[in-house]
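Note sheet for the following structure.
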Amino acid sequence: MNVVEQVQTKLKEEIKAAVLKAGLAEEAQIPDVVLELPKEKAHGDYATNMAMQLARIAKKPPRKIAEELVEQFDKGKASIEKIEIAGPGFINFYMNNRYLTDLIPTILQAGERYGESAIGNGQKVQVEFVSANPTGDLHLGHARGAAVGDSLCKVLAKAGYDVSREYYINDAGNQINNLALSVEARYFQALGVEKEMPADGYHGADIIGIGKRLVEEHGDKFVEIDEKERFETFRDYGLKYEMEKLKQDLESFRVGFDVWYSETSLYENGKIDEALAVLKEKGHIYDEDGATWFRSTPFGDDKDRVLIKQDGSYTYLLPDIAYHKDKLERGFEKLINIWGADHHGYIPRMRAAIQALGYDEDTLEVEIIQLVHLYKNGEKMKMSKRTGKAVTMRDLIDEVGLDATRYFFAMRSSDTHMDFDLDLAVSQSNDNPVYYAQYAHARICSILRQAEEAGLTVSDRADLSLVGAEKEVDLLKKLGEFPQAVAEAAEKRVPHRVPNYIFELASTFHSFYNAEKVLDLEEKERTAARLSLIKSVQITLQNALDLIGVSAPEKM
RNA sequence: GCGCCUUUAGCUCAGUUGGAUAGAGCAACGGCCUUCUAAGCCGUGUGUCAGAGGUUCGAAUCCUCUAAGGCGCGCCA
């Protein structure tokens, strides 16, 4: 717990104590003490709405309650300088902010660990994201999912959750057959032979590339061989090629996974049969019309779902149930799936399956990533998977830049539809907020370099009583918010809070920078104190940027 | 038809657990570089929080209904 949290805790205790002393409510009746950070500086450093909350219990007007509370307050105890009653009954606390300087040595010592908290309590969480089919290039939606998923994982880890990142490889089923047939068609075409693409084929440029590469590596040797052998060869080759490409693309997007889980493995190790057997045993399975059904409606689904089709093959759902059963058996207490908006209709049946297996439905959380629309020349770009005319994640990184792309996706709440204006992102890249934040970091690094050249070093033993100017206090307050901002982003699964925080911190720093000079050889003590302050800002900015996979450059 | 998401300034979006006068960026206008990076700072203007009811001390926020847009509703994945 850092000083800020200590002071807040103390303040809350004092508020509660004052309620009891004033005899306004019984201990059990007291609502949770709410401390707000007022938007207006004139409203003090902290405010509480306790008087309003007690209005009904104490049966008195809020302002009267507030007066009685303030009378009981022990000011000396919680760094309180002044208390005022305002508005409908807010109690505003003006703090003696001297204690905030303790943050500086805390941050300097914590270094890259600053921002950590224990709010996650070591809970074992698994986050499954991207999981794009290995049948084409990653497109915009995947990029958004990758950015959000990666940031969420980092935020969760920093907030004290035990996180495992996983990618589910759909390497079984129809789409892989279509991949093999698509590769086959492209192979023949690369040889100059007319060959039609399959009806549900994949028209991406990557598959054309596979066809060409097969010809380069093997010539026409697959033309004459047995059709089944060719199919299997092309399927395996295509899958391997696609997976390698996926991994490379994600790596270059700074997104990594702990586990790559193969759907095929579920077929091979009997986990599908096992899952089916468990459901059957619990009475959630029946046969009808020659198919095998999962009775999901008792668990809130719209209709029951087919697991095994008339032709004996499995629907997508069955291996997916087996997969989630396996996740749960691996001991995860929380499963977070990040899915594209086009899969949201799938949520009720998956949650039904979780319950049917005997787990709490809330064990599974699904975060939906809404669609991304790309605009160019002021017009919405048409994307078609069918013709392969879609902008890929790689195109986007190449055009917009890695940091800007990551920041752009991370900064928006994932449940809103997103317009990505390519012209703006590319041509006016200086206006991109990512540069604003990185610039603050680079500026600090520049000052630190010059300090070093002048023989000054950052030390946590500087005389911090010299830190107290308005802009300095603003910075300290903002620095102190970081661990709570991360914790909240983690608990609420809203990683886009992090870019919000980054922007605020950068803004506070830029403002400070223009108001106060750090390096002043006439005033070595003050300079030392300010160096330790800006070093703290640098550390915090770097840590925050790292949470969203954006670099913190030392020069720009 | 049913389900989920969205609707906040000209544009793109924040808005914390229901709090005080709803905020940023972009765009517009006016200032600030002989002084640590002007990719910056300071200032000015900007609202039917889609609409209507309800809950209450208090609603952009919670509930109900309506409208608009998106996505889904398969023995596809």
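Ligands are numbered from 1 in the order shown, chains are lettered A, B, ... in the order of the structure tokens, and residues start at 1 in each chain.
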| If we count only C-alpha atoms (C1' of nucleotides), what is near region 163-165 of chain A at a cut-off of 8 Å, once residues fewer than 4 positions away on the same chain are taken out, given as a PyMOL selection string? | chain A and resi 124-129+153+156-157+256-259
Using only C-alpha atoms, please write the residues we just selected to a file, as a JSON list (two decimals), in the first residue's frame.
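After the write, again-v1.json holds the following:
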```
[["chain", "number", "residue", "atom", "x", "y", "z"],
["A", 124, "LYS", "CA", -5.91, -18.05, -11.60],
["A", 125, "VAL", "CA", -7.29, -16.47, -14.74],
["A", 126, "GLN", "CA", -7.07, -17.71, -18.26],
["A", 127, "VAL", "CA", -7.52, -15.32, -21.12],
["A", 128, "GLU", "CA", -8.21, -16.79, -24.54],
["A", 129, "PHE", "CA", -7.96, -14.31, -27.36],
["A", 153, "CYS", "CA", -3.52, -9.71, -19.65],
["A", 156, "LEU", "CA", -4.48, -8.31, -14.83],
["A", 157, "ALA", "CA", -0.97, -9.53, -14.11],
["A", 256, "GLY", "CA", 2.55, -13.35, -26.97],
["A", 257, "PHE", "CA", 0.82, -16.48, -25.71],
["A", 258, "ASP", "CA", 1.68, -19.01, -23.04],
["A", 259, "VAL", "CA", -0.29, -21.84, -24.61]]
```
| Please, which residues of chain B lie no more than 10 Å from chain A when the count uses only C-alpha atoms (C1' of nucleotides), and can they be set out as a ChimeraX atom specification? | /B:2-6,12-14,16-17,19-21,23-26,32,35-37,39-42,57-58,70-77
| task | Identify, with DSSP run on backbone atoms, the residues in region 5-209 of chain A assigned to helix (DSSP H, G or I), and express the list as number ranges by chain. | result | A: 5-21, 27-29, 41-43, 50-58, 62-72, 75-78, 97-113, 140-158, 174-190, 205-209
Could you pull the residues within 12 Å of Lys154 (chain A), counting only C-alpha atoms (C1' of nucleotides), minus those fewer than 4 positions along the same chain, as a compact mmCIF listing (two decimals) with C-alpha atoms, in the first residue's frame?
```
# COMPACT_ATOMS: atom_id res chain seq x y z
CA GLY A 115 1.72 0.13 -10.28
CA GLU A 116 1.44 -3.39 -8.97
CA VAL A 125 -7.29 -16.47 -14.74
CA VAL A 127 -7.52 -15.32 -21.12
CA ALA A 147 -4.30 -5.39 -28.70
CA VAL A 148 -7.12 -5.44 -26.18
CA GLY A 149 -6.40 -9.00 -25.07
CA ASP A 150 -2.70 -8.41 -24.60
CA LYS A 158 0.04 -6.15 -12.70
CA ALA A 159 -3.01 -6.12 -10.47
CA GLY A 160 -2.04 -9.41 -8.92
CA TYR A 161 -3.91 -11.98 -10.97
CA ASP A 162 -2.18 -15.17 -12.08
CA VAL A 163 -2.73 -14.93 -15.82
CA SER A 164 -2.32 -17.48 -18.58
CA ARG A 165 -2.72 -16.41 -22.20
CA ARG A 254 4.12 -7.49 -29.41
CA VAL A 255 1.50 -10.06 -28.52
CA GLY A 256 2.55 -13.35 -26.97
CA PHE A 257 0.82 -16.48 -25.71
CA VAL A 486 -4.46 -0.36 -13.03
CA ALA A 487 -6.44 -2.22 -10.41
CA ALA A 489 -8.84 -1.55 -15.28
CA ALA A 490 -8.19 -5.13 -14.23
CA ARG A 493 -11.79 -5.65 -17.59
CA VAL A 494 -11.44 -2.22 -19.15
CA PRO A 495 -7.87 -1.86 -20.36
CA VAL A 498 -4.78 2.80 -19.12
CA ASN A 543 5.25 1.18 -16.87
CA ALA A 544 1.92 2.43 -18.14
CA LEU A 545 2.98 2.37 -21.78
CA ASP A 546 4.29 -1.14 -21.31
CA LEU A 547 0.82 -2.24 -20.19
CA ILE A 548 -0.53 -1.43 -23.63
CA GLY A 549 2.48 -2.65 -25.57
```
| task | One decimal, Å: what's the distance from CA of Ile207 (chain A) over to CA of Met381 (chain A), could you say? | result | 22.4 Å
